[in-house]
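Just my_file-v3.txt here, compact mmCIF, C-alpha atoms and all ligand atoms:
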```txt
# COMPACT_ATOMS: atom_id res chain seq x y z
CA MET A 48 103.72 92.35 106.18
CA ASP A 49 106.30 89.60 106.30
CA SER A 50 109.90 90.17 107.38
CA HIS A 51 113.10 88.48 106.30
CA MET A 52 116.58 88.69 107.77
CA LEU A 53 118.79 90.30 105.18
CA ILE A 54 121.69 92.54 106.04
CA SER A 55 122.07 95.45 103.65
CA THR A 56 123.59 98.90 103.80
CA CYS A 57 121.63 101.97 102.77
CA PRO A 58 123.46 103.64 99.85
CA TRP A 59 122.22 107.06 101.05
CA CYS A 60 122.85 107.22 104.82
CA GLY A 61 125.08 104.18 105.41
CA LYS A 62 122.74 102.60 107.96
CA VAL A 63 123.05 98.82 108.16
CA ASN A 64 119.57 97.32 108.01
CA GLU A 65 119.19 93.77 109.28
CA PHE A 66 115.69 93.02 108.10
CA SER A 67 113.64 93.45 105.00
CA THR A 68 109.88 93.77 105.31
CA ASN A 69 107.77 92.99 102.31
CA LEU A 70 104.63 95.14 102.21
CA LEU A 71 103.07 92.86 99.60
CA ASN A 72 103.62 89.58 101.53
CA SER A 73 105.10 87.98 98.45
CA GLY A 74 108.26 86.49 99.97
CA GLY A 75 111.79 87.75 100.47
CA PRO A 76 113.41 90.38 98.32
CA ARG A 77 114.67 89.53 94.84
CA PRO A 78 117.03 91.35 92.48
CA ASN A 79 115.50 94.61 91.16
CA ASP A 80 113.01 94.87 94.05
CA VAL A 81 112.71 98.33 95.59
CA SER A 82 114.28 99.02 98.98
CA VAL A 83 113.26 101.88 101.27
CA CYS A 84 115.62 102.64 104.16
CA TRP A 85 113.75 102.65 107.47
CA THR A 86 116.10 105.31 108.86
CA CYS A 87 116.29 107.91 106.09
CA GLY A 88 113.60 106.84 103.61
CA GLY A 89 116.17 106.65 100.83
CA LEU A 90 115.12 104.62 97.83
CA GLY A 91 117.29 101.85 96.48
CA ARG A 92 117.07 98.74 94.40
CA PHE A 93 118.47 95.27 95.15
CA ASP A 94 121.14 94.32 92.62
CA GLU A 95 121.99 90.76 91.54
CA SER A 96 124.13 90.24 94.67
CA MET A 97 121.26 91.58 96.86
CA ALA A 98 123.21 94.72 97.74
CA VAL A 99 121.11 97.89 97.75
CA VAL A 100 122.14 100.46 95.14
CA ARG A 101 120.83 103.98 94.60
CA MET A 102 117.98 104.63 92.19
CA ASP A 103 118.24 107.41 89.65
CA PHE A 104 115.82 110.34 89.72
CA ALA A 105 113.35 108.85 87.22
CA GLU A 106 113.18 105.56 89.14
CA GLN A 107 112.64 107.41 92.42
CA THR A 108 109.83 109.51 90.92
CA GLU A 109 108.06 106.37 89.73
CA VAL A 110 108.29 104.78 93.19
CA PHE A 111 107.11 107.92 95.02
CA GLN A 112 103.92 107.77 92.96
CA SER A 113 103.24 104.08 93.64
CA ARG A 114 100.74 102.61 96.08
CA VAL A 115 103.54 100.54 97.62
CA TYR A 116 105.38 103.70 98.68
CA GLN A 117 102.16 105.05 100.17
CA ALA A 118 101.88 101.77 102.14
CA TYR A 119 105.45 102.29 103.38
CA LEU A 120 104.59 105.80 104.59
CA ALA A 121 101.50 104.45 106.40
CA ALA A 122 103.51 101.64 108.04
CA LYS A 123 106.20 104.07 109.17
CA ALA A 124 103.60 106.45 110.63
CA ALA A 125 101.96 103.55 112.49
CA ALA A 126 105.32 102.40 113.87
CA LYS A 127 106.14 105.94 114.99
CA ALA A 128 102.75 106.26 116.69
CA ALA A 129 103.45 102.96 118.49
CA GLY A 130 106.83 104.28 119.67
CA ARG A 131 109.00 102.02 117.48
ZN ZN B 201 119.22 105.35 104.77
```
Could you write out this file's structure as structure tokens?
Amino acid sequence: MDSHMLISTCPWCGKVNEFSTNLLNSGGPRPNDVSVCWTCGGLGRFDESMAVVRMDFAEQTEVFQSRVYQAYLAAKAAAKAAGR
């Protein structure tokens, strides 16, 4: 995983996140990339200004079924087990 400093606000819980971690190691986030809030797990999408906006139900369903979301769940479980 590679991490990039990028301040964004979760559109679900309001948490300000200071970093973005890319589970695919393909560089920093770009417009239309998926965002998952580390605090609440809320799904968002980066808009053209790199603000995170809410996904609609159909978009969220597609992400929940993806291997990337499963990688997020595994990374979060590992971080929790390590006490982070
Ligand atoms: Zn959140």
Name all residues at most 8 Å from segment 70-82 of chain A (count all atoms listed in the file; drop same-chain ones fewer than 6 positions away) and give them as a PyMOL selection string.
chain A and resi 48-51+90-97+99+115+118-119
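Counting only C-alpha atoms, the residue from A:Met52, A:Phe66, A:Arg101, A:Ala121 that sits nearest to Gly89 of chain A is A:Arg101.
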Kindly provide, as a short mmCIF file (atom, residue, chain, number, x, y, z; two decimals) with C-alpha atoms, keeping the file's coordinate frame, all nucleotide and amino acid residues lying within 7 Å of ligand ZN 201 (chain B), counting all atoms listed in the file.
```cif
data_model
loop_
_atom_site.label_atom_id
_atom_site.label_comp_id
_atom_site.auth_asym_id
_atom_site.auth_seq_id
_atom_site.Cartn_x
_atom_site.Cartn_y
_atom_site.Cartn_z
CA CYS A 57 121.63 101.97 102.77
CA PRO A 58 123.46 103.64 99.85
CA TRP A 59 122.22 107.06 101.05
CA CYS A 60 122.85 107.22 104.82
CA GLY A 61 125.08 104.18 105.41
CA LYS A 62 122.74 102.60 107.96
CA CYS A 84 115.62 102.64 104.16
CA TRP A 85 113.75 102.65 107.47
CA THR A 86 116.10 105.31 108.86
CA CYS A 87 116.29 107.91 106.09
CA GLY A 88 113.60 106.84 103.61
CA GLY A 89 116.17 106.65 100.83
#
```
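Taking all atoms listed in the file into account, Tyr116 of chain A lies nearest to A:Val83 out of the set A:Met102, A:Val83, A:Arg131, A:Thr68.
Coordinates place atom CA of Gln112 of chain A at a distance of 24.1 Å from atom CA of Asn64 of chain A.
Between atom CA of Ser55 of chain A and atom CA of Ser67 of chain A there is a distance of 8.8 Å.
What separates atom CA of Arg114 of chain A from atom CA of Asn69 of chain A is a distance of 13.4 Å.
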Grab all the atoms of segment 51-57 of chain A that the file lists, wrap them in a box along x, y and z, add 5 Å per side, and give me centre plus edge lengths in Å (one decimal) as AutoDock Vina command-line options.
```
--center_x 118.3 --center_y 95.2 --center_z 105.3 --size_x 20.5 --size_y 23.5 --size_z 15.0
```
